[in-house]
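Q: This is the structure, below, for whatever I ask next.
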2 protein chains.
Amino acid sequence: MTTAELLSIGAELLLGETVDTNAAFLGRELAEVGLPLSTVRMLPDDRGVIRDAFIEARGRSGVVLATGGLGPTHDDLTREGLADALGEELREVPALVEALEERFRAFGPMPAANRRQATLIPSAESLANPIGSAPGWWVERDGVVIALMPGVPSEMRRMWTDQVRPRLAACFALPPLAIRSVKAFGIGESAMAERLGSLLTSPPPGVEAGIYARDDGVHARFSTRGDPTVLDGCVARALAAMGDDAYGTDADDLATAALRRLGELGAATVCSWEADTEGALLAILAAAGPVDGGARYVGGVLDAGMAPGPRVADAALQMSLLPQDANGRSRVRVSISGAVSLPVTELRIHGSGPQRPRRAAYAALNAVRRLSSSDR
Amino acid sequence: MTTAELLSIGAELLLGETVDTNAAFLGRELAEVGLPLSTVRMLPDDRGVIRDAFIEARGRSGVVLATGGLGPTHDDLTREGLADALGEELREVPALVEALEERFRAFGPMPAANRRQATLIPSAESLANPIGSAPGWWVERDGVVIALMPGVPSEMRRMWTDQVRPRLAACFALPPLAIRSVKAFGIGESAMAERLGSLLTSPPPGVEAGIYARDDGVHARFSTRGDPTVLDGCVARALAAMGDDAYGTDADDLATAALRRLGELGAATVCSWEADTEGALLAILAAAGPVDGGARYVGGVLDAGMAPGPRVADAALQMSLLPQDANGRSRVRVSISGAVSLPVTELRIHGSGPQRPRRAAYAALNAVRRLSSSDR
């Protein structure tokens with residue numbers, strides 16, 4: 001099976017100033033396309049290191065993607081590194097210079113540095129970047145496909161979706177990876193493993209099964225490159241094994257489940273109030289977006305210092321994170337008032353460190369999800 | 001100079017289900033310690049691949065860190081991979097079994113699978129994990145240090161800070177990397193490069209200079225392993241070159257700058273209202289935390305559908321993101337009412353895709369930062 005590898009290029013990645021979200025995006029996409037990502041390497045802005053990495057990757061994988069290092073500044077060296085790896089020369093392409101100048105017209109004259117972005121090697125085709133100045137490259141040589149994309153996530157995603165992904169799909173026709181997951185909150189990884197039993201240790205033929213701990217609970221994941229309907233049985237068995245601890249499958253999330261439950265219980269709108277959680281609850285609820293039949297989130301208040309204030313929504317979800325005890329354990333205090341009611345409840349949260357506020361928020365949302373009809 | 005490399009282990013990374021935030025954290029920390037991260041590799045849960053990666057990394061770098069693959073389940077294979085790479089045997093350690101059982105006592109009996117986490121090889125020492133079940137490993141062999149840490153970010157950070165970082169500092173005494181940055185909003189990368197001129201292309205001896213585009217603007221970064229005071233001059237020159245477009249240095253952020261400006265203009269509290277931005281403004285303001293002398297953020301409202309509502313803060317910052325035009329460009333409408341006032345203003349934002357709401361929020365915060373005293 002053809003595999004892909006990714007070179008994520010830029011000193012800012014190795015210095016930790018940027019989190020490489022491109023790798024996760026491309027990992028998901030490549031799995032779907034059926035060209036699994038076999039490895040990712042992060043590289044500094046060093047022409048020799050980039051050259052060697054391209055040589056190594058071409059010797060190992062049928063598809064080599066690179067992100068970053070296509071900007072106009074002197075430390076953008078991906079073009080040079082690949083040219084060296086292939087033994088080809090960079091040349092300025094008049095049509096690309098023109099396209100760049102056209103792009104800059106609205107902003108004023110094009111800075112001279114940007115001419116570097118109008119270069120190609122003989123075996124490369126240019127990939128247009130409609131939302132940024134850095135064009136990408138598409139190279140097919142010696143049976144290996146290489147695609148260079150910008151490091152800015154929005155530009156990379158657009159170029160991937162419009163150009164690189166369709167071209168890869170045309171070159172390779174491979175069975176896509178189907179993935180299903182079951183998500184639970186309030187139990188640990190090994191407890192989930194025991195409940196899943198043989199479904200985890202000896203899943204159906206062609207299925208891979210795994211368990212992953214997340215801030216929003218524990219996820220069981222099943223994947224296959226065979227007939228995807230075999231995963232339906234895995235999901236059904238896992239849901240049965242998890243019982244009430246499961247809150248959903250696949251793209252389901254706790255905020256959506258909580259908003260849906262509030263809607264079922266008669267609240268058309270909900271607001272939030274939180275203390276000592278740095279806005280974690282508010283950020284998670286805002287990101288959830290509208291939920292069919294669910295309560296609509298209308299906003300939130302931070303801090304203990306505020307007066308209770310007027311009623312802005314049918315239900316108000318309140319939470320405050322309590323300090324950690326000597327063992328680093330903490331509890332969160334949760335309550336709901338209004339059209340739906342939950343008396344003040346304390347819940348234990350696992351883990352410490354910067355995840356505490358988010359874990360507290362998920363614990364509160366899980367408590368909302370588990371409200372019964374008598375809590376109306 | 002001794003360099004470090006990192007193996008980030010776990011199928012979920014390559015499938016894109018988890019973003020590798022550990023790599024960025026360790027990149028920052030290693031730069032500070034003076035052991036620069038030379039490369040990062042993401043690897044699947046494959047014993048042979050993990051073994052080969054450890055062999056390769058040991059041959060190249062004086063320090064090899066690995067995160068992930070230390071859990072109790074059958075696909076946690078980092079221990080086995082390293083044992084194979086070193087030609088050593090895994091053995092269960094009674095003291096570690098006891099410590100794990102003690103940890104589980106509060107939760108019920110220890111699942112049998114967790115015994116795998118109580119194994120070591122002869123050349124490894126165990127690193128305690130006070131907030132999770134996976135102990136780490138510390139290995140010194142043949143002049144190379146190898147440290148295994150859990151993949152859960154909170155557990156990894158605690159183990160790094162309390163144990164791995166101090167041990168590395170004791171083994172290696174290297175000049176730390178000093179980093180300073182100047183941040184600007186509203187200009188592009190190449191325009192910043194032109195304004196910085198020779199400061200970027202020929203910085204002082206021993207200083208590296210670079211420019212990075214971010215959702216919150218463009219950052220110029222200066223770093224050195226020599227005398228860090230040389231960076232003060234670079235920062236002063238960059239600030240002078242950027243003028244009003246610069247909003248701060250180093251850890252400064254736009255939300256903090258905006259809250260400080262509102263405080264200077266007489267608003268002790270501020271709330272937000274936003275439309276079509278998925279809570280981006282509210283999430284950024286909530287994450288900023290309290291600012292000395294600045295306005296306190298008390299919460300926000302989403303959606304256009306709400307009645308204006310009562311006055312909950314001295315100043316109300318409102319924004320709505322307008323639809324993209326045919327070229328993918330968009331504008332954001334911003335206004336402030338209350339103790340501070342800004343009439344409705346439309347600002348252009350750059351980029352498209354999922355970054356739009358955040359970029360719109362930063363554009364709004366930049367408009368707040370630039371308020372003059374006559375806007376009181």
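In the structure tokens, chains take letters A, B, ... by order of appearance, with residues numbered from 1 within each chain and ligands from 1 in the order shown.
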Using only C-alpha atoms, determine which residues lie at most 12 Å from Pro175 in chain B, disregarding the query and same-chain residues fewer than 3 positions distant; provide the list as a tab-separated table (two decimals) with C-alpha atoms, in the first residue's frame.

A:
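Ended up saving to part05.tsv:
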```
chain	number	residue	atom	x	y	z
B	1	MET	CA	26.31	21.47	20.65
B	2	THR	CA	24.12	18.68	22.00
B	30	LEU	CA	14.25	22.69	25.25
B	31	ALA	CA	15.15	26.01	23.63
B	32	GLU	CA	15.16	27.60	27.07
B	33	VAL	CA	17.28	24.82	28.58
B	34	GLY	CA	19.82	25.19	25.77
B	35	LEU	CA	19.23	21.79	24.15
B	36	PRO	CA	17.58	22.81	20.88
B	169	ALA	CA	20.01	20.57	33.30
B	172	PHE	CA	24.24	19.29	30.27
B	178	ALA	CA	17.09	33.93	24.69
B	224	THR	CA	20.59	34.30	20.56
B	225	ARG	CA	22.62	31.90	22.64
B	226	GLY	CA	25.07	34.68	23.43
B	227	ASP	CA	24.62	37.72	25.65
B	228	PRO	CA	20.83	38.23	25.78
```

Q: May I have a table of the residues of chain B lying at most 6 Å from chain A, giving each one's closest pair of atoms and their distance in Å to one decimal, counting only C-alpha atoms, ordered by chain and ascending residue number, as a tab-separated table?

A:
```
residue	atom	partner	partner_atom	distance
B:Leu14	CA	A:Gly27	CA	5.1
B:Leu15	CA	A:Gly27	CA	4.6
B:Gly16	CA	A:Ala24	CA	3.6
B:Val19	CA	A:Ala24	CA	5.5
B:Thr21	CA	A:Val19	CA	5.9
B:Ala24	CA	A:Gly16	CA	3.6
B:Phe25	CA	A:Gly16	CA	5.7
B:Gly27	CA	A:Gly16	CA	4.5
B:Arg28	CA	A:Gly16	CA	4.6
B:Leu37	CA	A:Leu14	CA	5.9
B:Thr39	CA	A:Met42	CA	5.4
B:Val40	CA	A:Met42	CA	5.1
B:Arg41	CA	A:Arg41	CA	4.6
B:Met42	CA	A:Val40	CA	5.1
B:Leu43	CA	A:Thr39	CA	5.5
B:Ile131	CA	A:Gly351	CA	6.0
B:Ser154	CA	A:Gly353	CA	5.3
B:Glu278	CA	A:Ala287	CA	5.7
B:Gly279	CA	A:Ala286	CA	5.0
B:Ala283	CA	A:Ala283	CA	5.1
B:Ala286	CA	A:Gly279	CA	5.0
B:Ala287	CA	A:Glu278	CA	5.7
B:Val298	CA	A:Leu302	CA	5.3
B:Gly299	CA	A:Val301	CA	4.1
B:Gly300	CA	A:Gly299	CA	5.4
B:Val301	CA	A:Gly299	CA	4.1
B:Leu302	CA	A:Val298	CA	5.3
B:Gly351	CA	A:Ile131	CA	6.0
B:Gly353	CA	A:Ser154	CA	5.3
```

Q: Which residue gives the smallest distance to Leu174 in chain B among B:Ser320, B:Thr3, B:Asn129, B:Ser198, with only C-alpha atoms counted?

A: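 When distances to Leu174 in chain B are compared using only C-alpha atoms, the smallest one comes from B:Thr3.
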
Q: I need the strand (DSSP E or B) residues of range 5-206 of chain A per DSSP on the backbone, written as number ranges by chain.

A: A: 5-9, 37-43, 63-67, 91-92, 119-120, 124-127, 136-141, 144-149, 178-184

Q: Within 9 Å of Ile146 in chain A, counting only C-alpha atoms, which residues qualify if same-chain residues fewer than 6 places away don't, as a VMD selection string?

A: chain A and resid 58 62 to 66 137 to 140

Q: I need the residues from that last selection saved to file as a compact mmCIF listing (two decimals), in the first residue's frame (with N, CA, C and O atoms), if you can.

A:
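Dumped everything to again.txt:
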```txt
# COMPACT_ATOMS: atom_id res chain seq x y z
N ARG A 58 11.58 10.50 -0.12
CA ARG A 58 11.33 9.98 -1.46
C ARG A 58 11.73 8.53 -1.59
O ARG A 58 11.19 7.78 -2.39
N GLY A 62 5.59 6.82 -1.30
CA GLY A 62 5.13 7.17 -2.64
C GLY A 62 4.60 8.59 -2.75
O GLY A 62 4.50 9.14 -3.83
N VAL A 63 4.23 9.16 -1.59
CA VAL A 63 3.72 10.52 -1.57
C VAL A 63 4.44 11.30 -0.47
O VAL A 63 4.50 10.84 0.68
N VAL A 64 5.02 12.43 -0.82
CA VAL A 64 5.70 13.27 0.17
C VAL A 64 5.04 14.65 0.14
O VAL A 64 5.02 15.31 -0.90
N LEU A 65 4.46 15.04 1.27
CA LEU A 65 3.87 16.38 1.37
C LEU A 65 4.78 17.23 2.24
O LEU A 65 5.44 16.72 3.16
N ALA A 66 4.84 18.52 1.95
CA ALA A 66 5.56 19.43 2.84
C ALA A 66 4.72 20.68 3.03
O ALA A 66 4.04 21.12 2.11
N TRP A 137 3.62 23.79 -5.00
CA TRP A 137 4.25 23.04 -6.09
C TRP A 137 3.67 21.64 -6.13
O TRP A 137 3.39 21.05 -5.09
N TRP A 138 3.57 21.10 -7.36
CA TRP A 138 3.20 19.70 -7.57
C TRP A 138 4.29 19.07 -8.43
O TRP A 138 4.59 19.58 -9.51
N VAL A 139 4.93 18.02 -7.92
CA VAL A 139 6.06 17.40 -8.62
C VAL A 139 5.79 15.90 -8.74
O VAL A 139 5.48 15.24 -7.74
N GLU A 140 5.88 15.36 -9.96
CA GLU A 140 5.86 13.90 -10.13
C GLU A 140 7.18 13.53 -10.77
O GLU A 140 7.47 13.97 -11.88
```

Q: Can you tell me which residues surround Val344 in chain A at a distance of at most 12 Å, considering only C-alpha atoms, apart from same-chain residues fewer than 6 positions away, and format the answer as an mmCIF file with C-alpha atoms, in the first residue's frame?

A:
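around31.cif written:
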```cif
data_model
loop_
_atom_site.group_PDB
_atom_site.id
_atom_site.type_symbol
_atom_site.label_atom_id
_atom_site.label_comp_id
_atom_site.auth_asym_id
_atom_site.auth_seq_id
_atom_site.Cartn_x
_atom_site.Cartn_y
_atom_site.Cartn_z
ATOM 1 C CA LEU A 317 -25.807 26.730 34.060
ATOM 2 C CA GLN A 318 -23.382 27.699 36.824
ATOM 3 C CA MET A 319 -20.058 26.139 37.731
ATOM 4 C CA SER A 320 -17.057 26.943 39.878
ATOM 5 C CA VAL A 332 -16.157 21.296 40.386
ATOM 6 C CA ARG A 333 -19.423 22.679 41.789
ATOM 7 C CA VAL A 334 -22.275 22.639 39.282
ATOM 8 C CA SER A 335 -25.895 23.810 39.394
ATOM 9 C CA ILE A 336 -28.721 24.810 37.040
ATOM 10 C CA SER A 337 -31.590 27.184 37.726
ATOM 11 C CA ALA A 364 -20.447 20.006 34.152
ATOM 12 C CA ALA A 367 -23.943 16.307 34.445
#
```

Q: Fewer than 5 positions away in the same chain doesn't count, so skip those; otherwise give me all residues within 10 Å of Gly197 in chain A, counting only C-alpha atoms, as number ranges by chain.

A: A: 191-192, 202-203, 238, 241

Q: As an MDAnalysis selection string, please: every residue in range 166-262 of chain B that DSSP puts in helix (DSSP H, G or I).

A: chainID B and resid 166:171 189:196 198:201 230:245 254:262

Q: With C-alpha atoms retained, write the just-selected residues as a short mmCIF file (atom, residue, chain, number, x, y, z; two decimals), in the first residue's frame.

A:
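again-v6.cif written:
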```cif
data_model
loop_
_atom_site.label_atom_id
_atom_site.label_comp_id
_atom_site.auth_asym_id
_atom_site.auth_seq_id
_atom_site.Cartn_x
_atom_site.Cartn_y
_atom_site.Cartn_z
CA PRO B 166 16.09 19.24 36.15
CA ARG B 167 17.92 16.00 35.28
CA LEU B 168 18.79 17.29 31.81
CA ALA B 169 20.01 20.57 33.30
CA ALA B 170 22.28 18.56 35.62
CA CYS B 171 23.70 16.45 32.73
CA GLU B 189 5.05 39.68 6.28
CA SER B 190 6.89 41.22 3.38
CA ALA B 191 5.96 44.77 4.38
CA MET B 192 7.37 44.03 7.83
CA ALA B 193 10.51 42.61 6.22
CA GLU B 194 11.00 45.81 4.21
CA ARG B 195 10.55 48.00 7.27
CA LEU B 196 13.02 45.92 9.32
CA SER B 198 19.07 45.04 7.56
CA LEU B 199 17.93 44.15 11.07
CA LEU B 200 16.36 41.09 9.44
CA THR B 201 18.88 40.31 6.71
CA VAL B 230 22.00 42.33 22.55
CA LEU B 231 18.34 41.52 21.89
CA ASP B 232 17.19 44.69 23.68
CA GLY B 233 18.68 46.75 20.87
CA CYS B 234 16.98 44.57 18.23
CA VAL B 235 13.61 44.99 19.94
CA ALA B 236 14.05 48.76 20.24
CA ARG B 237 14.97 49.07 16.56
CA ALA B 238 12.03 46.85 15.50
CA LEU B 239 9.59 48.83 17.64
CA ALA B 240 10.83 52.07 16.10
CA ALA B 241 10.48 50.63 12.58
CA MET B 242 6.93 49.36 13.22
CA GLY B 243 5.60 52.50 14.89
CA ASP B 244 1.88 52.39 15.73
CA ASP B 245 1.46 49.05 13.99
CA LEU B 254 -3.97 42.00 21.60
CA ALA B 255 -6.69 41.19 24.14
CA THR B 256 -4.50 42.44 26.99
CA ALA B 257 -3.58 45.57 25.01
CA ALA B 258 -7.26 46.26 24.29
CA LEU B 259 -8.34 45.72 27.92
CA ARG B 260 -5.52 47.99 29.11
CA ARG B 261 -6.56 50.74 26.68
CA LEU B 262 -10.19 50.50 27.82
#
```

Q: Hey, what's within 12 Å of range 94-96 of chain A if we count only C-alpha atoms and toss same-chain stuff fewer than 2 positions away? As a PyMOL selection string, please?

A: chain A and resi 91-92+98-103+114-120+125-129+133-136
